[in-house]
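One structure is given below, encoded as structure tokens.
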Amino acid sequence: MEFSYDDEQVALREAVAGLLARAYGGDQRREVTATDPGFDEKTWGRLAEMGVLGLPFAESDGGMGAGPVEVSIVAEEIGRVLAPEPFIEAVVLAGGLVSDLGTDAQRAEVLGAVAEGSLIPAFAHTEPGSRWEPAALAVTATEDGGSWRLTGVKEPVPNGARADLLVVSALVGGATRLYLVQGDAEGLTRTGYRNHDGTRSAKVAFDGTPAQLLGDAAGDRTAAIEKALARARVAYGHEALGAMETALTTTSEYLKTRKQFGVTLNKFQALTFRAADMYVSLELARSTVMWATLVVDADGDVVAAADRARLQTSRASRHIGKEAIQLHGGIGMTAEYKVGHYTSRLTAIDHLLGDGDWALSRLAAGVTEYETVDPLA
Amino acid sequence: MEFSYDDEQVALREAVAGLLARAYGGDQRREVTATDPGFDEKTWGRLAEMGVLGLPFAESDGGMGAGPVEVSIVAEEIGRVLAPEPFIEAVVLAGGLVSDLGTDAQRAEVLGAVAEGSLIPAFAHTEPGSRWEPAALAVTATEDGGSWRLTGVKEPVPNGARADLLVVSALVGGATRLYLVQGDAEGLTRTGYRNHDGTRSAKVAFDGTPAQLLGDAAGDRTAAIEKALARARVAYGHEALGAMETALTTTSEYLKTRKQFGVTLNKFQALTFRAADMYVSLELARSTVMWATLVVDADGDVVAAADRARLQTSRASRHIGKEAIQLHGGIGMTAEYKVGHYTSRLTAIDHLLGDGDWALSRLAAGVTEYETVDPLA
Amino acid sequence: MRLQLSPEDQAFREEMRAFFTSAVPQSIRDTVAARRELTKDQLVESQRVLNAAGLAVPHWPVEWGGRGWTPLQRHIWHEEMMAACVPPPLAFNATMIGPVIAAFGNQQQKERFLPPTANMDIWWCQGFSEPDAGSDLASLRTTAVRDGDHWVVNGQKTWTTLGQYADWIFCLARTDPTAEKRQRGISLLLFPMDTPGVTLRPIELIDGGREVNEVFFEDVVVPAENLVGEENQGWGIAKFLLGNERVGVAPVAMIKRLMAQAKQHAAEITVGGAPLSADPLLAARIAELENEVLALELTAIRVVANSADGKPHPASSVLKLRGTELQQAATELLVDIAGPASVASFAGEDSDVPGWARVATPSYLNYRKASIYGGSNEVQRTIIAGSILGL
Amino acid sequence: MRLQLSPEDQAFREEMRAFFTSAVPQSIRDTVAARRELTKDQLVESQRVLNAAGLAVPHWPVEWGGRGWTPLQRHIWHEEMMAACVPPPLAFNATMIGPVIAAFGNQQQKERFLPPTANMDIWWCQGFSEPDAGSDLASLRTTAVRDGDHWVVNGQKTWTTLGQYADWIFCLARTDPTAEKRQRGISLLLFPMDTPGVTLRPIELIDGGREVNEVFFEDVVVPAENLVGEENQGWGIAKFLLGNERVGVAPVAMIKRLMAQAKQHAAEITVGGAPLSADPLLAARIAELENEVLALELTAIRVVANSADGKPHPASSVLKLRGTELQQAATELLVDIAGPASVASFAGEDSDVPGWARVATPSYLNYRKASIYGGSNEVQRTIIAGSILGL
């Protein structure tokens with residue numbers, strides 16, 4: 001087991017960090033997230049130019065043929081500055097599903113365009129009343145003379161209003177399948193709105209909306225969706241690591257400079273000990289999330305590893321998000337200061353694809369089936 | 001709702017506190033618990049002289065006719081000095097069952113003697129493999145020409161070796177009934193030992209041991225046992241309150257006097273804040289336990305109130321017990337210093353009649369059945 | 001020691017419950033129940049309904065509208081009000097400046113200010129906190145310089161809650177910069193928010209709300225008669241005011257309302273064919289939280305019973321500390337029950353995400369303030385360690 | 001970045017596993033598994049088996065028995081040893097005084113002490129802590145006064161673990177009482193425990209065990225040649241020793257063993273007709289704890305990989321802090337699974353309470369020490385805040 005990055009990976013990290021520092025090193029995020037689509041199309045274009053948007057796709061599909069470690073590096077840098085660009089949503093999740101399941105023609109049509117930045121897909125999966133299940137609940141697909149039509153509502157769909165292409169889960173006779181729906185399809189109504197963390201979601205309504213089956217196999221896609229969600233959970237874990245690290249360093253910096261009662265706050269041991277506990281949470285989460293990425297890389301039990309990463313990240317991000325505000329005091333509550341945005345984003349990440357207690361329930365259900373957890377196995 | 005003691009109750013508290021301070025104000029506890037029966041028979045006699053051992057029994061049964069508030073005052077003073085006398089075990093629990101269920105003759109025979117200190121009963125209920133259930137598991141009673149005989153093993157039975165009389169739960173045709181067994185009965189084998197907290201328990205084996213049915217009704221006693229256990233849980237809550245208070249004051253005193261790095265420990269804010277959190281735990285537990293005693297007094301839903309008190313006390317006593325040692329450092333680990341004994345006893349109390357998670361499970365099972373908890377209702 | 005309320009208190013409780021659930025407009029109470037923001041008009045209307053019935057300022061001196069209730073009655077009044085989703089009287093008026101004027105003001109100030117303060121004819125805001133002061137009030141920098149029969153105020157305040165609605169401000173300013181102890185030389189002044197030289201800048205909070213403000217003073221002229229108490233004795237007044245802030249602060253009824261809502265929503269959500277409320281981990285989390293709220297409520301009753309002399313019981317700090325923690329835990333529970341819908345905070349009315357789920361995360365984020373404002377939880381721990389444990 | 005062990009490390013792991021599960025006597029390993037106390041003879045025997053195979057002191061310099069392993073290999077060695085219930089080499093010998101003599105001792109001292117130290121021909125104990133010093137080592141009071149070619153030692157040590165078995169003690173003493181900084185003027189001396197003037201008094205701990213001792217020195221004569229390093233330079237040696245104490249301290253394999261035992265016992269207990277392990281709250285508690293142990297294990301692997309220069313990585317403090325917390329959580333879990341039987345700690349062999357349940361609470365109480373000894377968790381937080389966060 002080996003946890004260090006090779007030279008190329010370090011170079012990727014530095015390049016992405018540099019790009020994002022230019023884009024979000026100052027106060028740009030508030031401005032960018034104030035108007036639709038909630039991210040900066042120019043930054044998106046620059047990420048495409050750097051090759052970041054095609055990282056996980058096969059070279060034959062127009063991608064870079066890189067792996068989950070490279071994806072994790074990008075996600076972590078995104079988290080570090082809270083870049084609102086939908087990298088995980090569009091590239092890892094929606095793009096990943098097309099990459100996994102698409103026909104040659106679909107992959108050729110979609111993935112190159114995603115990599116170039118000219119097409120942004122979104123995964124429309126969550127439905128009103130659903131709770132992180134991998135299956136569709138009430139959106140249905142019907143075949144109509146060789147072509148498909150979808151009916152029902154998906155909400156909230158991250159980046160669903162801006163997306164050029166929707167990857168949609170829908171029920172056909174009890175099975176969940178995946179479909180591609182063009183952003184300008186007839187019978188498609190999208191109502192976008194702001195999430196609490198400044199990103200965007202949408203209500204996406206289908207009313208006999210024409211759709212194309214993703215891939216050519218007829219089977220149920222629940223397991224494939226679960227696996228794609230697991231990979232996205234791990235990637236979100238890295239975004240959370242980046243965000244937690246900034247929240248902690250910002251807090252430490254504040255404690256070193258802010259004065260009260262005539263001395264800087266780092267003279268108050270009760271506060272510095274709490275910062276130390278934040279560091280402990282961060283480092284333990286980091287280890288678990290990095291390990292989960294290696295499990296994805298090795299194509300091990302990705303779903304279980306993602307649950308473990310999610311549980312650890314959920315606990316850590318709540319701890320760090322809350323303490324970062326509390327240790328700042330009033331300033332931490334304001335939208336003009338950055339630390340509260342980190343807490344908001346960490347809260348969103350925690351709830352996007354399953355929270356800590358949800359992951360814990362799944363792990364608890366299997367706890368009698370093994371003697372010990374062996375990460376080296 | 002009113003939480004203050006009347007003058008008589010204050011006088012009782014002072015009298016008991018005075019008696020116990022003379023008995024256990026110094027290092028006497030280690031000496032007393034070093035040899036069987038693990039408590040001081042002389043102190044027991046003095047408690048009897050003061051009327052404490054007959055507090056909850058009807059005057060017509062030779063008791064004082066006092067209520068659960070008076071019992072709670074005694075329990076709290078016992079906890080404060082960690083007196084090892086089996087007040088709750090003998091008077092509240094075993095005596096309480098005889099008082100609740102005994103025939104006139106049984107009450108007359110047993111309770112006056114308990115009040116006088118001449119007879120110490122114990123409740124033999126827990127069995128190997130049982131888990132705080134109110135019913136008997138494997139000890140059986142059989143009728144044999146108008147008299148009863150018991151067979152099976154009870155363990156651990158608090159104070160079971162010293163007891164003059166055992167109140168025993170046993171199964172008859174699926175129902176749990178209660179029996180009285182004399183300490184010198186034939187077919188009774190008792191093996192006493194020391195518990196980790198210095199008190200005593202025993203393995204009590206019955207082999208066709210003659211027994212007398214407690215009371216003259218033939219029905220199942222599970223509900224009556226559950227209620228008696230609930231009252232004892234509340235009384236143990238008060239013992240825990242007394243112990244937690246001493247653990248906290250001892251810790252505060254230590255922080256004020258112990259020097260490290262040239263200053264007293266109370267200059268370290270991280271330590272004083274933790275002491276403050278101990279106080280918060282104690283006061284919240286105190287409110288809940290006092291309330292539960294009032295529910296017992298009003299004969300309300302005693303079982304639910306006891307579960308609530310137990311949950312709160314379990315959380316508080318673990319928190320305070322652990323922190324009391326940690327804030328002392330090495331000295332807190334030693335048997336010569338008192339604080340570790342408080343942690344040991346709090347740990348025992350927590351496991352004697354159901355721990356916090358056990359109470360939580362019971363409360364969680366009913367959580368959808370009401371809208372809010374109203375303590376004034 | 002008695003479990004039940006006395007017959008009188010029981011009757012009092014029923015009277016309060018009947019009043020709050022009938023006299024205060026349903027639309028206002030529905031807004032509170034839905035955790036939506038109240039308008040200025042709603043807040044004023046609600047308090048006037050209370051004031052007309054003598055229920056706005058029951059803790060004031062009797063001659064100024066107080067009721068001479070026992071602490072337990074005040075507790076019951078507060079809890080029934082909150083349980084009925086009635087917005088409590090504006091703290092700046094009822095809890096802060098009103099009692100201060102009643103205690104430290106002269107007769108003319110009492111007559112001038114107390115009736116309109118009780119009736120919300122004046123909306124007050126606070127001018128205590130400053131950008132570089134935080135919990136360290138003694139380091140404030142706003143100055144008031146005497147010029148004939150006026151004071152001239154310069155400086156800046158912050159965290160002025162609902163300052164955008166305020167008619168008047170009560171303001172701490174340094175009136176003797178030469179005082180040896182920093183706590184000396186501070187005075188309390190009152191002036192209208194539309195006095196020339198007063199400007200207000202809203203501060204957006206992390207939930208997107210704009211409830212707090214910065215207030216800037218540039219040569220603001222305040223008549224000398226608007227000084228409360230004695231010159232340079234403002235520190236004692238401030239301590240009196242902040243002490244009151246800690247009395248009866250445990251938001252028990254509000255937390256219980258959130259818990260009841262959480263249980264109801266969890267019962268309505270289906271997971272794998274069963275209601276979410278049947279999930280053992282969630283049920284245990286709710287049961288544990290309810291038990292802690294019960295302990296808080298009982299402690300509040302114990303503490304109010306020992307606050308009869310009007311001074312805050314030291315254990316009041318337990319109520320503030322634990323009350324805000326549990327309030328935060330309840331808001332967090334609602335976010336988790338909302339689950340995947342909890343991100344959709346600013347969805348419109350045509351959204352399929354229910355209103356309670358939309359408001360869940362902003363409310364959770366907003367309530368992070370609870371452990372910071374009004375004496376942070378670190379301040380409360382300092383009080384407990386110092387005043388109670390002697391550390 | 002790579003999930004799997006390299007083929008070499010995989011082979012190394014299997015070699016270690018095979019050795020530990022076959023070469024060390026089963027009776028010793030059974031005693032460890034049952035959490036019973038090992039005798040002195042068992043401890044000596046076990047370490048001699050390791051030493052004979054070159055596995056007792058792999059981290060020492062190669063010329064004195066070290067193996068030149070990578071940090072990951074040392075981690076694997078330690079974890080496999082613990083997983084196989086093999087008692088680790090005595091810390092006082094292998095981790096403390098051995099490396100100190102190897103680093104600071106002269107050639108004669110190395111030759112005289114290192115081989116018998118590795119082989120447990122000498123059992124060492126520590127003479128660092130003093131009654132009034134605690135974590136504040138610089139305030140120690142034991143003195144050593146030079147008298148010709150001897151030192152004369154007077155004073156008192158405490159928390160001397162297993163001192164009752166010890167042949168020799170390594171002892172910090174103040175050799176220059178006039179030094180301006182308290183850290184100066186301290187030296188490290190070695191002497192046999194049967195030197196006249198040395199007396200030992202056992203300290204009973206709260207679990208009833210007697211593993212620690214006080215040691216008193218009254219005019220104890222120590223040959224000058226038994227000074228390690230330079231006179232008055234003992235502080236640096238002490239820091240080196242205590243730093244080593246923090247390397248690889250996370251008791252991961254031990255916690256995993258406890259967790260596996262807990263799961264097994266829970267599966268064997270029946271509650272309401274179902275195994276206790278099926279209780280949703282208990283299963284969740286176990287799953288959460290296992291996940292935290294996984295995080296600890298992975299962090300240990302990350303940290304050892306960054307400790308290649310032999311100095312403790314600052315994040316070692318995370319391992320000590322969290323490792324002891326999780327160790328304590330695992331012992332607490334076992335108490336709770338034992339339930340009503342957990343009080344019966346000193347029941348005899350004829351008891352129906354199983355042995356693991358009898359030992360559960362004493363072990364839980366005993367492990368409260370883990371967060372106090374060897375650099376308390378408060379010390380670890382100070383290190384993290386200071387060295388890592390710069391606070």
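A note on labels: chains of the structure tokens are A, B, ... as shown, every chain counts residues from 1, and ligands are counted from 1 in their shown order.
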
Return as CSV the residues of chain B lying at most 6 Å from chain C, together with the closest atom-to-atom pair for each and the distance in Å to one decimal, counting only C-alpha atoms, with rows in chain order and ascending residue number.
```
residue,atom,partner,partner_atom,distance
B:Met1,CA,C:Leu5,CA,4.7
B:Glu2,CA,C:Arg2,CA,4.9
B:Phe3,CA,C:Met1,CA,4.7
B:Ser4,CA,C:Met1,CA,5.3
B:Tyr5,CA,C:Met1,CA,5.8
B:Asn266,CA,C:Leu391,CA,5.5
B:Thr272,CA,C:Ala385,CA,5.8
B:Phe273,CA,C:Arg381,CA,5.7
B:Ala276,CA,C:Ala385,CA,5.1
B:Val280,CA,C:Val318,CA,5.8
B:Leu284,CA,C:Ala295,CA,5.2
B:Ser287,CA,C:Thr299,CA,5.4
B:Thr288,CA,C:Ala295,CA,5.3
B:Leu294,CA,C:Leu3,CA,5.2
B:Ala364,CA,C:Ala284,CA,4.8
B:Glu371,CA,C:Ala260,CA,5.4
```

* To do: Report the residues of stretch 42-218 of chain A whose backbone DSSP state falls under strand (DSSP E or B), written as a PyMOL selection string.
  => chain A and resi 121-124+140-144+147-158+165-172+175-182+188-194+200-213

* To do: Please provide as a PyMOL selection string all residues within 9 Å of stretch 186-190 of chain C, with the sequence filter that same-chain residues fewer than 5 positions apart are discarded (counting only C-alpha atoms).
  => chain C and resi 138+140+143-144+151+168-177+222-235+237-238

Atoms kept (N, CA, C and O atoms) for selection, written as a short mmCIF file (atom, residue, chain, number, x, y, z; two decimals), in the first residue's frame:
```cif
data_model
loop_
_atom_site.label_atom_id
_atom_site.label_comp_id
_atom_site.auth_asym_id
_atom_site.auth_seq_id
_atom_site.Cartn_x
_atom_site.Cartn_y
_atom_site.Cartn_z
N ALA C 138 -15.46 45.20 26.60
CA ALA C 138 -14.75 46.32 27.23
C ALA C 138 -13.82 47.02 26.26
O ALA C 138 -13.34 48.11 26.53
N LEU C 140 -14.52 48.29 23.39
CA LEU C 140 -15.25 49.02 22.33
C LEU C 140 -14.62 50.38 22.03
O LEU C 140 -13.97 51.01 22.88
N THR C 143 -17.08 56.31 20.15
CA THR C 143 -16.91 57.37 21.14
C THR C 143 -18.12 58.31 21.15
O THR C 143 -18.80 58.47 20.13
N ALA C 144 -18.37 58.87 22.31
CA ALA C 144 -19.36 59.94 22.42
C ALA C 144 -18.68 61.09 23.15
O ALA C 144 -18.23 60.91 24.29
N TRP C 151 -24.32 64.96 22.93
CA TRP C 151 -23.20 64.06 22.71
C TRP C 151 -22.99 63.93 21.21
O TRP C 151 -23.96 63.92 20.45
N TRP C 168 -35.22 53.16 16.92
CA TRP C 168 -34.23 53.69 17.84
C TRP C 168 -33.14 52.65 18.10
O TRP C 168 -33.37 51.46 17.92
N ILE C 169 -32.00 53.15 18.54
CA ILE C 169 -30.91 52.26 18.93
C ILE C 169 -30.47 52.57 20.35
O ILE C 169 -30.51 53.73 20.78
N PHE C 170 -30.15 51.54 21.13
CA PHE C 170 -29.47 51.77 22.41
C PHE C 170 -28.01 51.39 22.20
O PHE C 170 -27.70 50.31 21.72
N CYS C 171 -27.15 52.33 22.57
CA CYS C 171 -25.79 52.31 22.05
C CYS C 171 -24.78 52.52 23.18
O CYS C 171 -24.86 53.51 23.92
N LEU C 172 -23.83 51.62 23.29
CA LEU C 172 -22.72 51.82 24.22
C LEU C 172 -21.63 52.62 23.54
O LEU C 172 -21.24 52.31 22.41
N ALA C 173 -21.16 53.64 24.21
CA ALA C 173 -20.07 54.44 23.63
C ALA C 173 -19.09 54.83 24.73
O ALA C 173 -19.45 54.91 25.91
N ARG C 174 -17.86 55.03 24.31
CA ARG C 174 -16.82 55.40 25.26
C ARG C 174 -16.90 56.90 25.50
O ARG C 174 -16.75 57.70 24.58
N THR C 175 -17.20 57.27 26.73
CA THR C 175 -17.36 58.69 27.04
C THR C 175 -16.18 59.24 27.83
O THR C 175 -16.06 60.44 28.01
N ASP C 176 -15.32 58.36 28.32
CA ASP C 176 -14.11 58.83 28.99
C ASP C 176 -12.93 57.99 28.53
O ASP C 176 -12.62 56.95 29.11
N PRO C 177 -12.25 58.45 27.48
CA PRO C 177 -11.15 57.65 26.93
C PRO C 177 -9.96 57.57 27.87
O PRO C 177 -9.07 56.76 27.68
N VAL C 222 -26.59 63.56 19.69
CA VAL C 222 -27.56 62.94 20.59
C VAL C 222 -27.79 63.87 21.77
O VAL C 222 -26.83 64.25 22.45
N PRO C 223 -29.03 64.25 22.04
CA PRO C 223 -29.30 65.13 23.18
C PRO C 223 -28.81 64.51 24.48
O PRO C 223 -28.93 63.28 24.68
N ALA C 224 -28.29 65.34 25.36
CA ALA C 224 -27.72 64.84 26.61
C ALA C 224 -28.75 64.09 27.43
O ALA C 224 -28.43 63.14 28.16
N GLU C 225 -30.02 64.46 27.31
CA GLU C 225 -31.07 63.81 28.10
C GLU C 225 -31.26 62.34 27.70
O GLU C 225 -31.93 61.60 28.40
N ASN C 226 -30.67 61.95 26.57
CA ASN C 226 -30.83 60.56 26.13
C ASN C 226 -29.77 59.62 26.71
O ASN C 226 -29.63 58.48 26.27
N LEU C 227 -29.01 60.12 27.66
CA LEU C 227 -28.10 59.25 28.41
C LEU C 227 -28.91 58.47 29.44
O LEU C 227 -29.70 59.07 30.18
N VAL C 228 -28.70 57.16 29.49
CA VAL C 228 -29.39 56.34 30.50
C VAL C 228 -28.42 56.07 31.65
O VAL C 228 -27.27 55.67 31.42
N GLY C 229 -28.91 56.29 32.86
CA GLY C 229 -28.05 56.08 34.02
C GLY C 229 -27.01 57.19 34.07
O GLY C 229 -27.15 58.25 33.46
N GLU C 230 -25.92 56.89 34.80
CA GLU C 230 -24.92 57.93 34.95
C GLU C 230 -23.84 57.83 33.89
O GLU C 230 -23.57 56.76 33.36
N GLU C 231 -23.26 58.98 33.62
CA GLU C 231 -22.14 59.04 32.68
C GLU C 231 -21.02 58.10 33.16
O GLU C 231 -20.74 58.01 34.35
N ASN C 232 -20.43 57.38 32.22
CA ASN C 232 -19.29 56.47 32.49
C ASN C 232 -19.67 55.24 33.33
O ASN C 232 -18.80 54.51 33.77
N GLN C 233 -20.98 55.05 33.52
CA GLN C 233 -21.41 53.88 34.30
C GLN C 233 -22.12 52.86 33.41
O GLN C 233 -22.91 52.05 33.87
N GLY C 234 -21.83 52.94 32.13
CA GLY C 234 -22.54 52.07 31.18
C GLY C 234 -22.18 50.60 31.31
O GLY C 234 -22.95 49.72 30.91
N TRP C 235 -21.00 50.33 31.86
CA TRP C 235 -20.55 48.94 31.97
C TRP C 235 -21.49 48.12 32.86
O TRP C 235 -21.87 46.99 32.54
N ILE C 237 -24.57 48.77 33.45
CA ILE C 237 -25.85 48.61 32.75
C ILE C 237 -25.74 47.49 31.71
O ILE C 237 -26.64 46.66 31.58
N ALA C 238 -24.63 47.48 31.00
CA ALA C 238 -24.44 46.45 29.99
C ALA C 238 -24.43 45.07 30.63
O ALA C 238 -25.03 44.11 30.10
#
```

* Up to 8 Å from chain A, what residues of chain B turn up? Count only C-alpha atoms and give them as a ChimeraX atom specification. => /B:268-271,273

May I have the selected residues written with all heavy atoms, as an mmCIF file, in the first residue's frame?
```cif
data_model
loop_
_atom_site.group_PDB
_atom_site.id
_atom_site.type_symbol
_atom_site.label_atom_id
_atom_site.label_comp_id
_atom_site.auth_asym_id
_atom_site.auth_seq_id
_atom_site.Cartn_x
_atom_site.Cartn_y
_atom_site.Cartn_z
ATOM 1 N N PHE B 268 -5.329 26.036 32.826
ATOM 2 C CA PHE B 268 -5.424 25.456 31.488
ATOM 3 C C PHE B 268 -6.891 25.408 31.065
ATOM 4 O O PHE B 268 -7.673 24.595 31.550
ATOM 5 C CB PHE B 268 -4.802 24.058 31.456
ATOM 6 C CG PHE B 268 -3.322 24.068 31.718
ATOM 7 C CD1 PHE B 268 -2.820 23.888 33.001
ATOM 8 C CD2 PHE B 268 -2.418 24.293 30.679
ATOM 9 C CE1 PHE B 268 -1.459 23.919 33.256
ATOM 10 C CE2 PHE B 268 -1.054 24.322 30.923
ATOM 11 C CZ PHE B 268 -0.577 24.138 32.209
ATOM 12 N N GLN B 269 -7.241 26.308 30.145
ATOM 13 C CA GLN B 269 -8.646 26.476 29.782
ATOM 14 C C GLN B 269 -9.255 25.197 29.219
ATOM 15 O O GLN B 269 -10.438 24.918 29.435
ATOM 16 C CB GLN B 269 -8.764 27.607 28.746
ATOM 17 C CG GLN B 269 -10.181 28.068 28.508
ATOM 18 C CD GLN B 269 -10.284 28.969 27.288
ATOM 19 O OE1 GLN B 269 -9.659 28.719 26.265
ATOM 20 N NE2 GLN B 269 -11.073 30.017 27.399
ATOM 21 N N ALA B 270 -8.440 24.418 28.501
ATOM 22 C CA ALA B 270 -8.989 23.187 27.929
ATOM 23 C C ALA B 270 -9.472 22.260 29.042
ATOM 24 O O ALA B 270 -10.420 21.498 28.847
ATOM 25 C CB ALA B 270 -7.945 22.481 27.066
ATOM 26 N N LEU B 271 -8.843 22.321 30.203
ATOM 27 C CA LEU B 271 -9.249 21.465 31.321
ATOM 28 C C LEU B 271 -10.476 22.039 32.031
ATOM 29 O O LEU B 271 -11.413 21.313 32.365
ATOM 30 C CB LEU B 271 -8.092 21.293 32.303
ATOM 31 C CG LEU B 271 -6.775 20.779 31.704
ATOM 32 C CD1 LEU B 271 -5.744 20.528 32.818
ATOM 33 C CD2 LEU B 271 -6.969 19.507 30.896
ATOM 34 N N PHE B 273 -12.762 23.960 30.828
ATOM 35 C CA PHE B 273 -13.956 23.825 29.985
ATOM 36 C C PHE B 273 -14.508 22.407 30.076
ATOM 37 O O PHE B 273 -15.724 22.197 30.034
ATOM 38 C CB PHE B 273 -13.617 24.154 28.518
ATOM 39 C CG PHE B 273 -13.745 25.620 28.187
ATOM 40 C CD1 PHE B 273 -13.480 26.603 29.136
ATOM 41 C CD2 PHE B 273 -14.142 26.032 26.919
ATOM 42 C CE1 PHE B 273 -13.595 27.954 28.826
ATOM 43 C CE2 PHE B 273 -14.268 27.383 26.606
ATOM 44 C CZ PHE B 273 -13.981 28.336 27.554
#
```

* Quick one: everything within 6 Å of stretch 342-348 of chain C, counting only C-alpha atoms, minus sequence neighbours fewer than 4 positions away in the same chain. Send it as a count of residues only. => 10

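Between atom CA of B:Ala228 and atom CA of B:Ser169 the separation is 12.5 Å.
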
* To do: Report as number ranges by chain: the residues of stretch 78-257 of chain A with a DSSP assignment of alpha helix (DSSP H), based on the backbone of this structure.
  => A: 78-81, 96-101, 104-116, 222-257

* Might you pull out every residue within 10 Å of A:Thr151, with only C-alpha atoms counted and same-chain residues fewer than 2 positions away left off, and present them as a VMD selection string? => chain A and resid 138 to 142 149 153 to 154 170 to 171 187 to 188 205 to 210

* Shell of 12 Å around stretch 34-37 of chain A, only C-alpha atoms, local chain residues under 5 positions omitted, as a VMD selection string -> (chain A and resid 27 to 29 42 44 84 to 86 120 158 to 163 191 to 202 335) or (chain C and resid 208)

Expected file: the selected residues, C-alpha atoms, as a PDB file, in the first residue's frame:
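So out_20.pdb came out as:
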```
ATOM      1  CA  ASP A  27     -13.949  36.868  -3.965  1.00  0.00           C
ATOM      2  CA  GLN A  28     -14.993  35.592  -7.374  1.00  0.00           C
ATOM      3  CA  ARG A  29     -17.068  32.717  -6.112  1.00  0.00           C
ATOM      4  CA  LYS A  42     -14.875  30.366 -18.983  1.00  0.00           C
ATOM      5  CA  TRP A  44     -15.081  25.346 -17.496  1.00  0.00           C
ATOM      6  CA  PRO A  84     -18.671  25.665  -8.288  1.00  0.00           C
ATOM      7  CA  GLU A  85     -17.971  24.001 -11.632  1.00  0.00           C
ATOM      8  CA  PRO A  86     -19.918  20.722 -11.984  1.00  0.00           C
ATOM      9  CA  ILE A 120     -22.329  19.379 -20.217  1.00  0.00           C
ATOM     10  CA  PRO A 158     -27.834  19.031  -9.729  1.00  0.00           C
ATOM     11  CA  ASN A 159     -26.993  21.340 -12.609  1.00  0.00           C
ATOM     12  CA  GLY A 160     -30.175  20.054 -14.278  1.00  0.00           C
ATOM     13  CA  ALA A 161     -31.234  23.349 -15.846  1.00  0.00           C
ATOM     14  CA  ARG A 162     -27.928  24.188 -17.525  1.00  0.00           C
ATOM     15  CA  ALA A 163     -27.168  20.678 -18.739  1.00  0.00           C
ATOM     16  CA  THR A 191     -37.039  24.821 -13.522  1.00  0.00           C
ATOM     17  CA  GLY A 192     -33.664  25.721 -12.111  1.00  0.00           C
ATOM     18  CA  TYR A 193     -32.896  27.234  -8.743  1.00  0.00           C
ATOM     19  CA  ARG A 194     -30.096  27.976  -6.368  1.00  0.00           C
ATOM     20  CA  ASN A 195     -29.036  25.469  -3.756  1.00  0.00           C
ATOM     21  CA  HIS A 196     -28.015  26.752  -0.342  1.00  0.00           C
ATOM     22  CA  ASP A 197     -24.355  26.320  -1.251  1.00  0.00           C
ATOM     23  CA  GLY A 198     -24.571  28.493  -4.371  1.00  0.00           C
ATOM     24  CA  THR A 199     -24.666  25.613  -6.851  1.00  0.00           C
ATOM     25  CA  ARG A 200     -27.771  24.944  -8.917  1.00  0.00           C
ATOM     26  CA  SER A 201     -30.387  22.225  -9.063  1.00  0.00           C
ATOM     27  CA  ALA A 202     -33.560  21.856 -11.074  1.00  0.00           C
ATOM     28  CA  ALA A 335     -21.595  35.547   3.594  1.00  0.00           C
TER      29      ALA A 335
ATOM     30  CA  GLY C 208     -28.707  34.057   2.490  1.00  0.00           C
TER      31      GLY C 208
END
```

* **Residues near A:Thr257, cut-off 12 Å, only C-alpha atoms, skip fewer than 2 positions along chain, as an MDAnalysis selection string** => (chainID A and resid 250:255 259:260 262:267 328) or (chainID C and resid 132) or (chainID D and resid 390:391)
